[in-house]
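K.L.:
I have a structure I would like to understand better, so I am pasting it below and will then ask my questions one at a time.
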Amino acid sequence: MTAMLKTDAPGDGGKLDYDPLDPVVKHEPYPYYVELRDSEPVKWLPGLQAWAVARYDDIDMLLKDGRTYSSGQFWPALLGEYDPVPEEPPLISMDPPGHMQLRRIANKAFVPSKVNGLRDRTYEIANLLIDDIIAKHGNEGEFDFCWEFTALYPVTVVAEVLGVPTERRAEFKYWVDDVLSAANRAAYGPERLAKIDESAKKMRAFFEDLYDQRAANLGEDLLSTFITTEVDGQTLTRNQVLSMACLLLIGGVETTTNLLGTTLVELHRHRDVFDRVLADHALIPPLLEEVLRYNPPVQIIFRHTTAEVEIAGVKIAKGDAIMPILASANRDESKFENPEVFDIDRKIEVPLMSFGQGPHFCLGNYLSRMEAKSALEVVFSRFSLIEPISEDVHWLDSYFARGPHVLPVRYKVR
């Protein structure tokens with residue numbers, strides 16, 4: 001066993017030194033993940049006061065062991081004082097037994113039969129957004145794929161799921177971006193922090209008003225389901241409903257937005273794949289699975305140890321923060337053949353880590369995949385040409401979320 005101290009110096013001078021807060025690393029983290037898996041699969045990160053874990057088997061183990069590796073501090077570690085509903089931990093940041101009660105309620109809203117009922121509407125929403133783009137820019141030209149399509153599309157879907165007026169959708173995206181940027185709060189000045197605080201409070205106030213409206217006039221929307229569903233004779237409290245709504249908005253918007261934007265980036269980088277997918281839309285599902293493996297929208301999550309543990313020969317104290325690097329696990333050489341190659345024909349034989357594993361496996365994974373498939377089918381059916389204008393990608397300023405912040409494209413209508 002190798003016992004490491006938190007004060008140990010970085011690796012040898014010739015090696016890449018992984019620091020997730022470094023802008024260079026955030027822009028292109030994958031070479032650093034290779035180095036971690038090869039030489040330092042468990043690494044202390046002073047800037048985040050956390051241990052990074054890079055290999056598939058170690059990550060699979062700790063995500064499935066919710067007792068030893070607690071999710072209880074995930075949300076506080078991510079958002080700090082900018083959590084819109086600090087009184088109530090969200091589902092993503094709960095441990096058993098309370099986690100299971102909430103999850104059983106949430107499961108009722110995310111079963112495939114209910115999600116499939118949205119399928120026709122996802123096609124309609126994608127077509128309406130493209131109609132707006134054509135009305136604004138004409139039958140050919142340029143537009144920002146991120147802000148005029150991928151950001152608005154999942155926001156609109158989530159708004160309808162929650163029973164929220166779609167005219168508020170642009171505000172939702174700004175709120176989500178601001179609240180999630182709280183993960184980088186240590187690097188921000190007072191002005192940026194004040195903006196994050198304002199967005200968190202606006203999100204909270206919006207859902208408080210919506211809760212009151214739904215409680216007085218229940219409907220078929222998800223918020224009404226959260227208010228009324230009983231498990232073992234118990235319903236959710238007001239703050240639990242608010243927390244679930246905020247989590248759905250944040251998670252439901254960001255993941256699908258980033259998945260769609262990154263898919264277009266990877267298609268542009270792999271033109272042979274792009275040509276195949278344009279000619280055969282049946283290849284969209286395997287394309288999405290390979291994007292989820294190769295360049296996933298969620299790179300990293302948090303856990304905290306409830307006891308002293310040992311991972312890959314490294315002793316870790318009770319109460320320490322652990323950062324499973326999901327994106328590194330998805331390129332682990334012991335699980336995926338030629339993992340650095342983008343291959344939509346690959347046979348994936350182990351579960352991807354893109355939506356986590358274990359008791360906190362993402363409930364919205366089926367919805368996100370379905371949304372993304374519908375959107376791409378519509379985009380590739382409506383445009384004969386759609387490609388990024390530049391080879392350079394302006395990625396989100398985030399170490400845990402991955403996707404283009406802006407993506408100017410040129411297009412031509414069929």
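How things are named: the first chain in the structure tokens is A, the next is B, and so on; residues count from 1 in each chain; ligands count from 1 in the order shown.
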Which region 266-379 of chain A residues have any atom within 9 Å of an atom of region 54-71 of chain A, and for each, what is the nearest pair of atoms with distance in Å to one decimal, counting only C-alpha atoms, rows sorted by chain and number, as JSON lines?
P.N.:
{"residue": "A:Phe302", "atom": "CA", "partner": "A:Ser71", "partner_atom": "CA", "distance": 7.0}
{"residue": "A:Arg303", "atom": "CA", "partner": "A:Ser71", "partner_atom": "CA", "distance": 5.1}
{"residue": "A:His304", "atom": "CA", "partner": "A:Ser70", "partner_atom": "CA", "distance": 5.1}
{"residue": "A:Thr305", "atom": "CA", "partner": "A:Tyr69", "partner_atom": "CA", "distance": 4.7}
{"residue": "A:Thr306", "atom": "CA", "partner": "A:Thr68", "partner_atom": "CA", "distance": 5.1}
{"residue": "A:Ala307", "atom": "CA", "partner": "A:Thr68", "partner_atom": "CA", "distance": 6.4}
{"residue": "A:Glu308", "atom": "CA", "partner": "A:Thr68", "partner_atom": "CA", "distance": 8.8}
{"residue": "A:Val309", "atom": "CA", "partner": "A:Thr68", "partner_atom": "CA", "distance": 8.2}
{"residue": "A:Ile311", "atom": "CA", "partner": "A:Asp58", "partner_atom": "CA", "distance": 6.9}
{"residue": "A:Ala312", "atom": "CA", "partner": "A:Asp58", "partner_atom": "CA", "distance": 7.4}
{"residue": "A:Ile322", "atom": "CA", "partner": "A:Tyr69", "partner_atom": "CA", "distance": 8.1}
{"residue": "A:Met323", "atom": "CA", "partner": "A:Ala54", "partner_atom": "CA", "distance": 8.7}
{"residue": "A:Pro324", "atom": "CA", "partner": "A:Ile59", "partner_atom": "CA", "distance": 5.7}
{"residue": "A:Ile325", "atom": "CA", "partner": "A:Ala54", "partner_atom": "CA", "distance": 5.4}
{"residue": "A:Leu326", "atom": "CA", "partner": "A:Ile59", "partner_atom": "CA", "distance": 7.6}
{"residue": "A:Ala327", "atom": "CA", "partner": "A:Ala54", "partner_atom": "CA", "distance": 8.5}
{"residue": "A:Ser328", "atom": "CA", "partner": "A:Ala54", "partner_atom": "CA", "distance": 5.6}
{"residue": "A:Ala329", "atom": "CA", "partner": "A:Tyr56", "partner_atom": "CA", "distance": 4.2}
{"residue": "A:Asn330", "atom": "CA", "partner": "A:Tyr56", "partner_atom": "CA", "distance": 7.1}
{"residue": "A:Arg331", "atom": "CA", "partner": "A:Tyr56", "partner_atom": "CA", "distance": 8.3}
{"residue": "A:Asp332", "atom": "CA", "partner": "A:Tyr56", "partner_atom": "CA", "distance": 6.0}
{"residue": "A:Ser334", "atom": "CA", "partner": "A:Tyr56", "partner_atom": "CA", "distance": 8.1}
{"residue": "A:Lys335", "atom": "CA", "partner": "A:Tyr56", "partner_atom": "CA", "distance": 7.6}
{"residue": "A:Met353", "atom": "CA", "partner": "A:Asp60", "partner_atom": "CA", "distance": 8.0}
{"residue": "A:Gly356", "atom": "CA", "partner": "A:Leu63", "partner_atom": "CA", "distance": 7.3}
{"residue": "A:Gln357", "atom": "CA", "partner": "A:Leu63", "partner_atom": "CA", "distance": 5.7}
{"residue": "A:Gly358", "atom": "CA", "partner": "A:Lys64", "partner_atom": "CA", "distance": 4.1}
{"residue": "A:Pro359", "atom": "CA", "partner": "A:Lys64", "partner_atom": "CA", "distance": 6.6}
{"residue": "A:His360", "atom": "CA", "partner": "A:Leu63", "partner_atom": "CA", "distance": 7.9}
{"residue": "A:Phe361", "atom": "CA", "partner": "A:Leu63", "partner_atom": "CA", "distance": 8.8}
K.L.:
Find the nearest atom pair between each residue of region 303-393 of chain A and region 268-291 of chain A for residues within 12 Å, count only C-alpha atoms, give distances in Å to one decimal, sort rows by chain and ascending number, and present the table as JSON lines.
P.N.:
{"residue": "A:Ala327", "atom": "CA", "partner": "A:Val291", "partner_atom": "CA", "distance": 10.8}
{"residue": "A:Asn330", "atom": "CA", "partner": "A:Glu290", "partner_atom": "CA", "distance": 9.8}
{"residue": "A:Arg331", "atom": "CA", "partner": "A:Glu290", "partner_atom": "CA", "distance": 10.9}
{"residue": "A:Phe336", "atom": "CA", "partner": "A:Glu290", "partner_atom": "CA", "distance": 11.4}
{"residue": "A:Pro339", "atom": "CA", "partner": "A:Glu290", "partner_atom": "CA", "distance": 10.3}
{"residue": "A:Glu340", "atom": "CA", "partner": "A:Glu290", "partner_atom": "CA", "distance": 11.2}
{"residue": "A:Val341", "atom": "CA", "partner": "A:Glu290", "partner_atom": "CA", "distance": 9.9}
{"residue": "A:Phe342", "atom": "CA", "partner": "A:Glu290", "partner_atom": "CA", "distance": 7.0}
{"residue": "A:Asp343", "atom": "CA", "partner": "A:Glu290", "partner_atom": "CA", "distance": 6.7}
{"residue": "A:Ile344", "atom": "CA", "partner": "A:Leu287", "partner_atom": "CA", "distance": 5.2}
{"residue": "A:Asp345", "atom": "CA", "partner": "A:Pro286", "partner_atom": "CA", "distance": 7.2}
{"residue": "A:Arg346", "atom": "CA", "partner": "A:Glu290", "partner_atom": "CA", "distance": 8.0}
{"residue": "A:Lys347", "atom": "CA", "partner": "A:Pro286", "partner_atom": "CA", "distance": 9.6}
{"residue": "A:Ile348", "atom": "CA", "partner": "A:Glu290", "partner_atom": "CA", "distance": 9.0}
{"residue": "A:Pro351", "atom": "CA", "partner": "A:Glu289", "partner_atom": "CA", "distance": 10.7}
{"residue": "A:Leu352", "atom": "CA", "partner": "A:Glu289", "partner_atom": "CA", "distance": 8.6}
{"residue": "A:Met353", "atom": "CA", "partner": "A:Glu289", "partner_atom": "CA", "distance": 11.2}
{"residue": "A:Ser354", "atom": "CA", "partner": "A:Glu289", "partner_atom": "CA", "distance": 9.5}
{"residue": "A:Phe355", "atom": "CA", "partner": "A:Glu289", "partner_atom": "CA", "distance": 11.4}
{"residue": "A:Asn365", "atom": "CA", "partner": "A:Glu289", "partner_atom": "CA", "distance": 11.5}
{"residue": "A:Tyr366", "atom": "CA", "partner": "A:Pro285", "partner_atom": "CA", "distance": 11.8}
{"residue": "A:Ser368", "atom": "CA", "partner": "A:Leu288", "partner_atom": "CA", "distance": 10.4}
{"residue": "A:Arg369", "atom": "CA", "partner": "A:Leu288", "partner_atom": "CA", "distance": 7.6}
{"residue": "A:Met370", "atom": "CA", "partner": "A:Pro285", "partner_atom": "CA", "distance": 9.0}
{"residue": "A:Glu371", "atom": "CA", "partner": "A:Leu288", "partner_atom": "CA", "distance": 11.0}
{"residue": "A:Ala372", "atom": "CA", "partner": "A:Leu288", "partner_atom": "CA", "distance": 7.8}
{"residue": "A:Lys373", "atom": "CA", "partner": "A:Ile284", "partner_atom": "CA", "distance": 6.4}
{"residue": "A:Ser374", "atom": "CA", "partner": "A:Ile284", "partner_atom": "CA", "distance": 9.3}
{"residue": "A:Ala375", "atom": "CA", "partner": "A:Ile284", "partner_atom": "CA", "distance": 10.2}
{"residue": "A:Leu376", "atom": "CA", "partner": "A:Ile284", "partner_atom": "CA", "distance": 7.4}
{"residue": "A:Glu377", "atom": "CA", "partner": "A:His281", "partner_atom": "CA", "distance": 6.5}
{"residue": "A:Val378", "atom": "CA", "partner": "A:His281", "partner_atom": "CA", "distance": 9.9}
{"residue": "A:Val379", "atom": "CA", "partner": "A:Leu278", "partner_atom": "CA", "distance": 9.9}
{"residue": "A:Phe380", "atom": "CA", "partner": "A:Leu278", "partner_atom": "CA", "distance": 6.3}
{"residue": "A:Ser381", "atom": "CA", "partner": "A:Leu278", "partner_atom": "CA", "distance": 8.3}
{"residue": "A:Arg382", "atom": "CA", "partner": "A:Leu278", "partner_atom": "CA", "distance": 11.0}
{"residue": "A:Phe383", "atom": "CA", "partner": "A:Leu278", "partner_atom": "CA", "distance": 9.8}
{"residue": "A:Ser384", "atom": "CA", "partner": "A:Leu278", "partner_atom": "CA", "distance": 8.7}
{"residue": "A:Leu385", "atom": "CA", "partner": "A:Leu278", "partner_atom": "CA", "distance": 9.7}
{"residue": "A:Ile386", "atom": "CA", "partner": "A:His268", "partner_atom": "CA", "distance": 9.3}
{"residue": "A:Glu387", "atom": "CA", "partner": "A:His268", "partner_atom": "CA", "distance": 6.4}
{"residue": "A:Pro388", "atom": "CA", "partner": "A:His268", "partner_atom": "CA", "distance": 6.8}
{"residue": "A:Ile389", "atom": "CA", "partner": "A:His268", "partner_atom": "CA", "distance": 9.6}
{"residue": "A:Ser390", "atom": "CA", "partner": "A:His268", "partner_atom": "CA", "distance": 9.6}
{"residue": "A:Glu391", "atom": "CA", "partner": "A:Arg269", "partner_atom": "CA", "distance": 8.0}
{"residue": "A:Asp392", "atom": "CA", "partner": "A:Arg269", "partner_atom": "CA", "distance": 10.6}
{"residue": "A:Val393", "atom": "CA", "partner": "A:Arg269", "partner_atom": "CA", "distance": 10.9}
K.L.:
Ranking A:Leu210, A:Ala205, A:Val24, A:Leu363 by minimum distance to Val85 (chain A) and counting only C-alpha atoms, which one comes first?
P.N.:
A:Ala205
K.L.:
Ranking A:Leu91, A:Ala135, A:Thr122, A:Ala245 by minimum distance to Gly163 (chain A) and counting only C-alpha atoms, which one comes first?
P.N.:
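Under the stated criterion, the closest residue is A:Ala245.
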K.L.:
Need the shell around Leu78 (chain A): protein/DNA/RNA residues with any atom at most 10 Å away, counting only C-alpha atoms. Skip same-chain ones fewer than 5 positions apart. Format as a list in words?
P.N.:
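Residues meeting the cut-off are Gln73, Asp83, Val179, Leu180, Ser181, Ala182, Ala183, Asn184, Arg185, Ile301, Phe302 and Phe400 of chain A.
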K.L.:
Since we have the selection now, will you write its residues out, keeping N, CA and C atoms, as a PDB file, in the first residue's frame?
P.N.:
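Result file follows (selection_18.pdb):
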ATOM      1  N   GLN A  73     -22.921  15.872   1.138  1.00  0.00           N
ATOM      2  CA  GLN A  73     -22.274  17.176   0.973  1.00  0.00           C
ATOM      3  C   GLN A  73     -22.098  17.578  -0.489  1.00  0.00           C
ATOM      4  N   ASP A  83     -27.149  27.934  -2.927  1.00  0.00           N
ATOM      5  CA  ASP A  83     -28.199  26.933  -3.116  1.00  0.00           C
ATOM      6  C   ASP A  83     -29.556  27.645  -3.024  1.00  0.00           C
ATOM      7  N   VAL A 179     -26.333  29.865 -11.284  1.00  0.00           N
ATOM      8  CA  VAL A 179     -26.297  29.029 -10.092  1.00  0.00           C
ATOM      9  C   VAL A 179     -25.191  27.972 -10.204  1.00  0.00           C
ATOM     10  N   LEU A 180     -25.068  27.340 -11.360  1.00  0.00           N
ATOM     11  CA  LEU A 180     -24.026  26.332 -11.526  1.00  0.00           C
ATOM     12  C   LEU A 180     -22.631  26.941 -11.485  1.00  0.00           C
ATOM     13  N   SER A 181     -22.504  28.193 -11.904  1.00  0.00           N
ATOM     14  CA  SER A 181     -21.188  28.829 -11.866  1.00  0.00           C
ATOM     15  C   SER A 181     -20.714  29.057 -10.436  1.00  0.00           C
ATOM     16  N   ALA A 182     -21.599  28.872  -9.452  1.00  0.00           N
ATOM     17  CA  ALA A 182     -21.200  28.999  -8.050  1.00  0.00           C
ATOM     18  C   ALA A 182     -20.113  27.993  -7.684  1.00  0.00           C
ATOM     19  N   ALA A 183     -19.968  26.931  -8.481  1.00  0.00           N
ATOM     20  CA  ALA A 183     -18.895  25.967  -8.225  1.00  0.00           C
ATOM     21  C   ALA A 183     -17.524  26.624  -8.317  1.00  0.00           C
ATOM     22  N   ASN A 184     -17.433  27.705  -9.085  1.00  0.00           N
ATOM     23  CA  ASN A 184     -16.164  28.434  -9.236  1.00  0.00           C
ATOM     24  C   ASN A 184     -16.124  29.670  -8.345  1.00  0.00           C
ATOM     25  N   ARG A 185     -16.962  29.702  -7.300  1.00  0.00           N
ATOM     26  CA  ARG A 185     -17.135  30.925  -6.515  1.00  0.00           C
ATOM     27  C   ARG A 185     -15.843  31.436  -5.877  1.00  0.00           C
ATOM     28  N   ILE A 301     -18.336  14.488 -10.188  1.00  0.00           N
ATOM     29  CA  ILE A 301     -19.294  14.697  -9.107  1.00  0.00           C
ATOM     30  C   ILE A 301     -18.546  14.591  -7.775  1.00  0.00           C
ATOM     31  N   PHE A 302     -19.263  14.766  -6.668  1.00  0.00           N
ATOM     32  CA  PHE A 302     -18.633  14.779  -5.343  1.00  0.00           C
ATOM     33  C   PHE A 302     -19.222  13.704  -4.428  1.00  0.00           C
ATOM     34  N   PHE A 400     -16.592  20.702 -13.848  1.00  0.00           N
ATOM     35  CA  PHE A 400     -17.480  19.546 -13.675  1.00  0.00           C
ATOM     36  C   PHE A 400     -18.502  19.408 -14.793  1.00  0.00           C
TER      37      PHE A 400
END
K.L.:
Rounded to one decimal in Å, what is the spacing between CA of Glu142 (chain A) and CA of Pro408 (chain A)?
P.N.:
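CA of Glu142 (chain A) sits 6.8 Å away from CA of Pro408 (chain A).
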K.L.:
Separation of CA of Leu128 (chain A) and CA of Tyr211 (chain A), in Å?
P.N.:
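According to the coordinates, CA of Leu128 (chain A) and CA of Tyr211 (chain A) are separated by 28.2 Å.
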K.L.:
So that I can check the secondary structure, give me every residue of region 113-360 of chain A assigned alpha helix (DSSP H) by backbone DSSP, as a ChimeraX atom specification.
P.N.:
/A:113-116,119-137,145,152-162,169-180,190-216,222-228,238-269,271-279,284-294,326-329
K.L.:
List every residue of region 289-386 of chain A that DSSP, applied to the backbone, labels as strand (DSSP E or B), and write the result as a VMD selection string.
P.N.:
chain A and resid 298 300 303 to 305 309 to 311 314 to 316 321 to 325 383 to 386
K.L.:
Applying 7 Å and only C-alpha atoms, which residues near Leu242 (chain A) remain after dropping the ones on its own chain fewer than 3 positions away? List them as a list in words.
P.N.:
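The residues satisfying every condition are Phe207, Glu208, Arg238, Asn239, Ala245 and Cys246 of chain A.
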K.L.:
If you keep N, CA and C atoms, can you produce a file of those selected residues as a compact mmCIF listing (two decimals), in the first residue's frame?
P.N.:
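Output saved as result_9.txt:
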# COMPACT_ATOMS: atom_id res chain seq x y z
N PHE A 207 -40.32 29.45 -8.12
CA PHE A 207 -40.92 28.17 -7.78
C PHE A 207 -41.82 28.27 -6.55
N GLU A 208 -41.57 29.21 -5.67
CA GLU A 208 -42.49 29.42 -4.55
C GLU A 208 -43.85 29.89 -5.07
N ARG A 238 -43.40 21.32 1.39
CA ARG A 238 -43.24 22.43 0.44
C ARG A 238 -41.78 22.58 0.02
N ASN A 239 -40.87 22.61 0.98
CA ASN A 239 -39.46 22.80 0.64
C ASN A 239 -38.89 21.62 -0.14
N ALA A 245 -37.96 20.68 -7.74
CA ALA A 245 -38.18 21.49 -8.93
C ALA A 245 -36.90 22.18 -9.37
N CYS A 246 -36.16 22.74 -8.42
CA CYS A 246 -34.90 23.42 -8.75
C CYS A 246 -33.89 22.43 -9.32
K.L.:
Please determine, counting only C-alpha atoms, which residue among A:Asp177, A:Asp320, A:Glu310, A:Asp209 has the shortest atom-to-atom distance to Glu254 (chain A).
P.N.:
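Nearest candidate to Glu254 (chain A) out of A:Asp177, A:Asp320, A:Glu310, A:Asp209: A:Asp177.
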K.L.:
Got a sec: who's within 8 Å of region 143-147 of chain A, counting only C-alpha atoms, leaving out chain neighbours fewer than 6 positions off, as a list in words?
P.N.:
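The filter keeps Ile133, His137, Thr257, Gly261, Pro404, His405, Val406, Leu407, Pro408, Val409, Arg410 and Tyr411 of chain A.
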K.L.:
Mind dumping the selected residues with N, CA and C atoms as a short mmCIF file (atom, residue, chain, number, x, y, z; two decimals), in the first residue's frame?
P.N.:
data_model
loop_
_atom_site.label_atom_id
_atom_site.label_comp_id
_atom_site.auth_asym_id
_atom_site.auth_seq_id
_atom_site.Cartn_x
_atom_site.Cartn_y
_atom_site.Cartn_z
N ILE A 133 -35.53 30.34 -35.94
CA ILE A 133 -34.20 30.63 -36.48
C ILE A 133 -34.28 31.04 -37.94
N HIS A 137 -33.09 34.53 -39.42
CA HIS A 137 -31.83 34.57 -40.17
C HIS A 137 -31.97 34.21 -41.64
N THR A 257 -28.51 20.38 -22.90
CA THR A 257 -27.89 21.48 -23.64
C THR A 257 -26.45 21.12 -24.00
N GLY A 261 -24.77 20.31 -27.83
CA GLY A 261 -23.69 21.15 -28.33
C GLY A 261 -22.43 20.35 -28.59
N PRO A 404 -20.01 23.32 -25.10
CA PRO A 404 -19.65 24.62 -25.66
C PRO A 404 -20.51 25.74 -25.07
N HIS A 405 -19.89 26.84 -24.71
CA HIS A 405 -20.63 27.99 -24.18
C HIS A 405 -21.34 28.72 -25.31
N VAL A 406 -20.65 28.88 -26.42
CA VAL A 406 -21.22 29.42 -27.65
C VAL A 406 -20.77 28.51 -28.78
N LEU A 407 -21.56 28.43 -29.84
CA LEU A 407 -21.19 27.61 -30.99
C LEU A 407 -21.78 28.19 -32.27
N PRO A 408 -21.11 29.21 -32.83
CA PRO A 408 -21.58 29.79 -34.09
C PRO A 408 -21.51 28.74 -35.21
N VAL A 409 -22.60 28.61 -35.95
CA VAL A 409 -22.65 27.63 -37.04
C VAL A 409 -23.13 28.32 -38.32
N ARG A 410 -22.74 27.74 -39.44
CA ARG A 410 -23.33 28.13 -40.72
C ARG A 410 -24.34 27.05 -41.10
N TYR A 411 -25.42 27.47 -41.76
CA TYR A 411 -26.49 26.51 -42.05
C TYR A 411 -27.13 26.82 -43.38
#
